[in-house]
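Some notes on the structure that comes next.
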Amino acid sequence: MMGLGLGSVLMTLGMRSGSDQVSVDAITLFVVLLCTCIIVGHLLEKNIWINESITALTIGLCTGIVLLLTTEGKSSHILVFNEELFFIYLLPPIIFNAGFQVKKKQFFRNFLTITLFGVVGTLISFFIISLGSAQLFKNLNVGVLEMGDYFALGAIFSATDSVCTLQVLNQDEMPLLYSLVFGEGVVNDATSVVLFNALQRFDLSHITSGIATRFAGSLFYLFFTSTLLGVAVGLLSAYIIKKLYFGRHSTDREVALMILMAYLSYMMAELFLLSGILTVFFCGIVMSHYTWHNVTENSRVTTKHAFATMSFISEIFIFLYVGMDALDIEKWRSVSKSPGTSVGVSAILLGLVVLGRAAFVFPLSFISNLTRKSPGDKIGLKQQVTIWWAGLMRGAVSMALAYNRFTRSGHTQLRGNAILITSTISIVLFSTMVFGLLTKPLIRLLLPLRKPSSSMTESELSSPKSLTLPLLQNGQDPEVSMNGQNGTARPSSLRMLWTTPTHTVHHYWRKFDNACMRPVFGGRGFVQYIPGSPGETVVS
């Protein structure tokens, strides 16, 4: 997914001298830094304050300082920024893996609340940040900004980064909270990008009712068609792999096909001017529900770790680069004559982020609680505070959108654009370093974790079987497990599924899924075992 394409792009992103040798040296050094981030992050894994995002930012900052000193203040970069690197190669694996890893039962069980937070909440935050900045920036000498720029700021700073919070929350101990934070995070990112892309197509300097109507229609069109395309590509991959069963001869072919079709969904969305983020997210959900169960056991383990690894490297890459770019002399030179303006803009935007987040989390949680009958399913005040805190950090998506709007190939000579870029960098650094450092202590204070009530002993947890269990339980119902070598669902579980007297959307969807979708596209319990296929033995 990133392989040859990323290599070819990186070869064009060397130091400004442009020589091939310098490019090779720059890439080598950057790979060394990536390895350093992973090693240091592992060593600090148990630390109550530090996480891998903070580690990558810190190493990026330190590297930027060293580069500034060695180049006599000319550059703090190893590689020169390119929008394609962010949007075509780094964001797709992050968003796809989010969809692929999502616990589907919890996600769709809480879909209404997740949609409220991820879509309605993002729109509320978008309008508060956009309109607030348009009013408050009038008192600052920011430069010439159009209304479209203010709306772009709303979309940029509505994009959350809940990585720090998710690293702390225990999915088994707090499934509701984890599902809400995770689901809202990915839907929020998709909504922010869809908003940003829709804004690019309209002249918002003079807003009329007609423009507002067309904008809303374009937004709905992007949501619907992007989701439909992702689902279609995911189903196509499931059908092809189910019918041809590549794993009978080679697991490499089916792994390659899954990776390429996942990336194809994103590129097709970009080709048709849709939201690639939304498309690849839903493609990930569909592929984990159907395609993943149609491949051999070896391919399941391989794809699971391959997607997670690509996503992990992409996130580290982005935070490492942001750390170095924070010291870019060119951008800071443009705002050095009025540092108070830059500080003021950053403070206003950060305040609007905090306000916009609070303006929807608590009211929408109250509305969500009205629909929840069981007291145990309601979102408590401490959980609401955690959800509010989870969305205060800004990261990769915000940086990518800001670069796309206010720079060209990472550079800008316009003072207003430079102020907004440096303010974005400042907010990402501050929110990640300060809010991120306080995440673990805050959550431990509000929601102290109980000891895991697992029946597995320590020896069982370290056995090979325990390593495959999380892979086989990819967001599936715990009562439906794999049985033996043929991968079929146990009859008792299937009968329980069909006879469960719950009149919910999920219940009727499962009936439709088992009756119509899985017989055609495969999935757990609907793929016939073919003798001779590699890697089908499950450790018992």
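Within each chain, counting starts at residue 1; across the structure tokens, chains are named A, B, ... in the order shown, with ligands numbered 1 upward in that order.
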
A:Ser431 surroundings by only C-alpha atoms, 7 Å radius, close-in-sequence under 4 positions cut, as a ChimeraX atom specification: /A:392-394,427,435-436

With N, CA, C and O atoms retained, write the just-selected residues as an mmCIF file, in the first residue's frame.
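The resulting file, part_31.cif, is reproduced below:
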```cif
data_model
loop_
_atom_site.group_PDB
_atom_site.id
_atom_site.type_symbol
_atom_site.label_atom_id
_atom_site.label_comp_id
_atom_site.auth_asym_id
_atom_site.auth_seq_id
_atom_site.Cartn_x
_atom_site.Cartn_y
_atom_site.Cartn_z
ATOM 1 N N LEU A 392 -9.613 16.984 22.594
ATOM 2 C CA LEU A 392 -8.922 18.272 22.655
ATOM 3 C C LEU A 392 -7.590 18.249 21.926
ATOM 4 O O LEU A 392 -7.066 19.299 21.566
ATOM 5 N N MET A 393 -7.019 17.071 21.722
ATOM 6 C CA MET A 393 -5.724 16.978 21.053
ATOM 7 C C MET A 393 -5.889 17.064 19.538
ATOM 8 O O MET A 393 -6.831 16.531 18.976
ATOM 9 N N ARG A 394 -4.959 17.724 18.904
ATOM 10 C CA ARG A 394 -4.955 17.867 17.452
ATOM 11 C C ARG A 394 -3.681 17.240 16.908
ATOM 12 O O ARG A 394 -2.628 17.315 17.548
ATOM 13 N N ILE A 427 -0.530 24.703 18.209
ATOM 14 C CA ILE A 427 -1.654 24.031 18.865
ATOM 15 C C ILE A 427 -1.446 22.520 18.876
ATOM 16 O O ILE A 427 -1.735 21.850 19.874
ATOM 17 N N PHE A 435 -1.798 18.282 26.883
ATOM 18 C CA PHE A 435 -2.981 17.446 27.106
ATOM 19 C C PHE A 435 -2.611 15.969 27.109
ATOM 20 O O PHE A 435 -3.146 15.173 27.883
ATOM 21 N N GLY A 436 -1.683 15.613 26.200
ATOM 22 C CA GLY A 436 -1.267 14.209 26.131
ATOM 23 C C GLY A 436 -0.575 13.749 27.393
ATOM 24 O O GLY A 436 -0.779 12.620 27.862
#
```

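Across A:Val32, A:Val66, A:Ile94, A:Ile367, the tightest approach to A:Tyr266 is made by A:Ile94 when counting only C-alpha atoms.
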
Near-A:Leu429 list (10 Å; only C-alpha atoms; drop same-chain fewer than 2 positions) as a compact mmCIF listing (two decimals) with all heavy atoms, in the first residue's frame:
```txt
# COMPACT_ATOMS: atom_id res chain seq x y z
N ILE A 54 3.98 11.70 21.69
CA ILE A 54 4.85 12.68 22.36
C ILE A 54 6.32 12.34 22.09
O ILE A 54 7.14 13.24 21.86
CB ILE A 54 4.56 12.69 23.87
CG1 ILE A 54 3.13 13.18 24.12
CG2 ILE A 54 5.57 13.57 24.60
CD1 ILE A 54 2.71 13.13 25.58
N LEU A 57 7.17 13.48 18.53
CA LEU A 57 7.25 14.94 18.47
C LEU A 57 8.55 15.45 19.12
O LEU A 57 9.22 16.34 18.57
CB LEU A 57 6.05 15.56 19.18
CG LEU A 57 4.78 15.76 18.36
CD1 LEU A 57 3.67 16.29 19.26
CD2 LEU A 57 5.01 16.72 17.21
N THR A 58 8.90 14.88 20.27
CA THR A 58 10.10 15.32 20.98
C THR A 58 11.36 15.03 20.18
O THR A 58 12.25 15.89 20.06
CB THR A 58 10.18 14.64 22.35
OG1 THR A 58 8.98 14.90 23.09
CG2 THR A 58 11.38 15.14 23.14
N LEU A 61 11.53 17.47 17.34
CA LEU A 61 12.00 18.78 17.79
C LEU A 61 13.51 18.79 18.02
O LEU A 61 14.21 19.72 17.59
CB LEU A 61 11.27 19.17 19.09
CG LEU A 61 9.83 19.66 18.95
CD1 LEU A 61 9.17 19.74 20.32
CD2 LEU A 61 9.79 21.02 18.27
N PHE A 319 4.10 12.59 13.05
CA PHE A 319 4.46 13.33 14.26
C PHE A 319 5.95 13.68 14.27
O PHE A 319 6.33 14.76 14.76
CB PHE A 319 4.11 12.50 15.51
CG PHE A 319 2.67 12.59 15.89
CD1 PHE A 319 1.80 11.53 15.68
CD2 PHE A 319 2.16 13.74 16.47
CE1 PHE A 319 0.47 11.61 16.04
CE2 PHE A 319 0.84 13.85 16.83
CZ PHE A 319 -0.02 12.78 16.61
N VAL A 322 6.23 16.67 11.94
CA VAL A 322 5.64 17.87 12.56
C VAL A 322 6.60 18.45 13.58
O VAL A 322 6.75 19.68 13.69
CB VAL A 322 4.28 17.53 13.22
CG1 VAL A 322 3.80 18.68 14.10
CG2 VAL A 322 3.24 17.24 12.15
N GLY A 323 7.28 17.59 14.35
CA GLY A 323 8.25 18.08 15.32
C GLY A 323 9.37 18.87 14.67
O GLY A 323 9.77 19.93 15.17
N ALA A 326 8.09 22.24 13.10
CA ALA A 326 7.76 23.28 14.08
C ALA A 326 8.86 24.33 14.18
O ALA A 326 8.61 25.46 14.61
CB ALA A 326 7.53 22.65 15.45
N MET A 393 -7.02 17.07 21.72
CA MET A 393 -5.72 16.98 21.05
C MET A 393 -5.89 17.06 19.54
O MET A 393 -6.83 16.53 18.98
CB MET A 393 -5.01 15.69 21.46
CG MET A 393 -4.43 15.75 22.86
SD MET A 393 -4.08 14.13 23.58
CE MET A 393 -5.68 13.63 24.16
N ARG A 394 -4.96 17.72 18.90
CA ARG A 394 -4.95 17.87 17.45
C ARG A 394 -3.68 17.24 16.91
O ARG A 394 -2.63 17.31 17.55
CB ARG A 394 -5.03 19.35 17.05
CG ARG A 394 -6.33 20.03 17.47
CD ARG A 394 -7.52 19.39 16.77
NE ARG A 394 -8.80 19.96 17.16
CZ ARG A 394 -9.58 19.47 18.09
NH1 ARG A 394 -9.19 18.42 18.79
NH2 ARG A 394 -10.75 20.01 18.36
N GLY A 395 -3.80 16.62 15.72
CA GLY A 395 -2.64 15.89 15.22
C GLY A 395 -2.54 15.85 13.71
O GLY A 395 -2.60 16.89 13.03
N SER A 423 0.50 28.80 13.92
CA SER A 423 -0.48 28.62 14.99
C SER A 423 -0.97 27.17 15.04
O SER A 423 -1.15 26.60 16.12
CB SER A 423 -1.67 29.56 14.79
OG SER A 423 -1.28 30.91 14.88
N THR A 424 -1.18 26.58 13.87
CA THR A 424 -1.58 25.17 13.82
C THR A 424 -0.50 24.29 14.43
O THR A 424 -0.79 23.38 15.23
CB THR A 424 -1.85 24.74 12.36
OG1 THR A 424 -2.86 25.57 11.79
CG2 THR A 424 -2.31 23.29 12.31
N ILE A 425 0.76 24.55 14.06
CA ILE A 425 1.87 23.79 14.62
C ILE A 425 1.92 23.95 16.13
O ILE A 425 2.10 22.98 16.89
CB ILE A 425 3.20 24.23 13.98
CG1 ILE A 425 3.23 23.85 12.49
CG2 ILE A 425 4.39 23.60 14.70
CD1 ILE A 425 4.43 24.42 11.74
N SER A 426 1.74 25.19 16.61
CA SER A 426 1.79 25.45 18.05
C SER A 426 0.69 24.70 18.78
O SER A 426 0.92 24.13 19.86
CB SER A 426 1.66 26.96 18.31
OG SER A 426 2.70 27.67 17.68
N ILE A 427 -0.53 24.70 18.21
CA ILE A 427 -1.65 24.03 18.86
C ILE A 427 -1.45 22.52 18.88
O ILE A 427 -1.73 21.85 19.87
CB ILE A 427 -2.98 24.41 18.17
CG1 ILE A 427 -3.30 25.88 18.44
CG2 ILE A 427 -4.13 23.52 18.64
CD1 ILE A 427 -4.47 26.42 17.66
N SER A 431 -1.22 20.85 22.42
CA SER A 431 -2.28 19.91 22.79
C SER A 431 -1.74 18.50 22.96
O SER A 431 -2.16 17.77 23.87
CB SER A 431 -3.40 19.93 21.74
OG SER A 431 -2.92 19.50 20.47
N THR A 432 -0.79 18.10 22.10
CA THR A 432 -0.23 16.76 22.21
C THR A 432 0.68 16.63 23.43
O THR A 432 0.60 15.65 24.17
CB THR A 432 0.54 16.39 20.94
OG1 THR A 432 -0.32 16.50 19.80
CG2 THR A 432 1.07 14.96 21.01
N MET A 433 1.53 17.62 23.63
CA MET A 433 2.50 17.54 24.73
C MET A 433 1.83 17.76 26.09
O MET A 433 2.04 16.98 27.02
CB MET A 433 3.60 18.59 24.52
CG MET A 433 4.38 18.41 23.22
SD MET A 433 5.43 16.96 23.19
CE MET A 433 6.78 17.48 24.21
N VAL A 434 1.00 18.81 26.19
CA VAL A 434 0.40 19.15 27.49
C VAL A 434 -0.81 18.27 27.79
O VAL A 434 -0.85 17.57 28.81
CB VAL A 434 0.01 20.64 27.54
CG1 VAL A 434 -0.68 20.96 28.86
CG2 VAL A 434 1.24 21.52 27.36
N PHE A 435 -1.80 18.28 26.88
CA PHE A 435 -2.98 17.45 27.11
C PHE A 435 -2.61 15.97 27.11
O PHE A 435 -3.15 15.17 27.88
CB PHE A 435 -4.04 17.72 26.04
CG PHE A 435 -4.60 19.11 26.09
CD1 PHE A 435 -5.16 19.69 24.95
CD2 PHE A 435 -4.57 19.84 27.25
CE1 PHE A 435 -5.68 20.98 25.00
CE2 PHE A 435 -5.09 21.13 27.31
CZ PHE A 435 -5.64 21.70 26.17
N GLY A 436 -1.68 15.61 26.20
CA GLY A 436 -1.27 14.21 26.13
C GLY A 436 -0.57 13.75 27.39
O GLY A 436 -0.78 12.62 27.86
```

Residues within 9 Å of stretch 147-161 of chain A, only C-alpha atoms, excluding chain neighbours under 3 positions, as a ChimeraX atom specification: /A:122-123,125-134,164-165,185-186,188-196,199-200,202-206,349-350,353,356-357,390-402,405-406,420,424,432

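For the residues A:Asn139, A:Gln384, A:Thr63, A:Ser250, ranking by smallest atom-to-atom distance to A:Leu29 using only C-alpha atoms places A:Thr63 first.
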
Atom CA of A:Asn298 to atom CA of A:Pro92, distance in Å rounded to a single decimal: 23.9 Å

Distance query A:Leu446 at most 12 Å, only C-alpha atoms, self and fewer than 2 positions along chain excluded, as an NGL selection string: :A and (169 or 380-387 or 389 or 439-444 or 448-449)

Apply DSSP to the structure's backbone, then extract all residues of stretch 241-274 of chain A labelled helix (DSSP H, G or I) and return them as a PDB file with C-alpha atoms, in the first residue's frame.
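Generated file (part-v5.pdb):
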```
ATOM      1  CA  ILE A 241     -11.354 -13.858  -2.935  1.00  0.00           C
ATOM      2  CA  LYS A 242     -14.269 -16.113  -1.965  1.00  0.00           C
ATOM      3  CA  LYS A 243     -14.802 -17.344  -5.516  1.00  0.00           C
ATOM      4  CA  LEU A 244     -11.170 -17.776  -6.543  1.00  0.00           C
ATOM      5  CA  PHE A 246      -6.208 -17.595  -3.852  1.00  0.00           C
ATOM      6  CA  GLY A 247      -4.922 -19.072  -0.610  1.00  0.00           C
ATOM      7  CA  ARG A 248      -5.296 -22.614  -1.985  1.00  0.00           C
ATOM      8  CA  THR A 251      -1.315 -16.743   0.599  1.00  0.00           C
ATOM      9  CA  ASP A 252       0.846 -14.011  -0.913  1.00  0.00           C
ATOM     10  CA  ARG A 253      -1.682 -13.416  -3.679  1.00  0.00           C
ATOM     11  CA  GLU A 254      -4.666 -12.921  -1.407  1.00  0.00           C
ATOM     12  CA  VAL A 255      -2.680 -10.711   0.986  1.00  0.00           C
ATOM     13  CA  ALA A 256      -1.486  -8.600  -1.954  1.00  0.00           C
ATOM     14  CA  LEU A 257      -5.022  -8.397  -3.350  1.00  0.00           C
ATOM     15  CA  MET A 258      -6.472  -7.250  -0.009  1.00  0.00           C
ATOM     16  CA  ILE A 259      -3.843  -4.533   0.382  1.00  0.00           C
ATOM     17  CA  LEU A 260      -4.163  -3.306  -3.204  1.00  0.00           C
ATOM     18  CA  MET A 261      -7.963  -3.243  -3.210  1.00  0.00           C
ATOM     19  CA  ALA A 262      -7.966  -1.342   0.069  1.00  0.00           C
ATOM     20  CA  TYR A 263      -5.719   1.266  -1.511  1.00  0.00           C
ATOM     21  CA  LEU A 264      -7.772   1.161  -4.723  1.00  0.00           C
ATOM     22  CA  SER A 265     -10.864   2.293  -2.812  1.00  0.00           C
ATOM     23  CA  TYR A 266      -9.042   5.420  -1.649  1.00  0.00           C
ATOM     24  CA  MET A 267      -7.610   6.240  -5.070  1.00  0.00           C
ATOM     25  CA  MET A 268     -10.967   5.734  -6.798  1.00  0.00           C
ATOM     26  CA  ALA A 269     -12.542   8.181  -4.354  1.00  0.00           C
ATOM     27  CA  GLU A 270      -9.828  10.720  -5.134  1.00  0.00           C
ATOM     28  CA  LEU A 271     -10.313  10.090  -8.866  1.00  0.00           C
TER      29      LEU A 271
END
```

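In this comparison, which uses only C-alpha atoms, the residue of A:Asn141, A:Asn514, A:Ser342, A:Gln101 approaching A:Phe182 most closely is A:Gln101.
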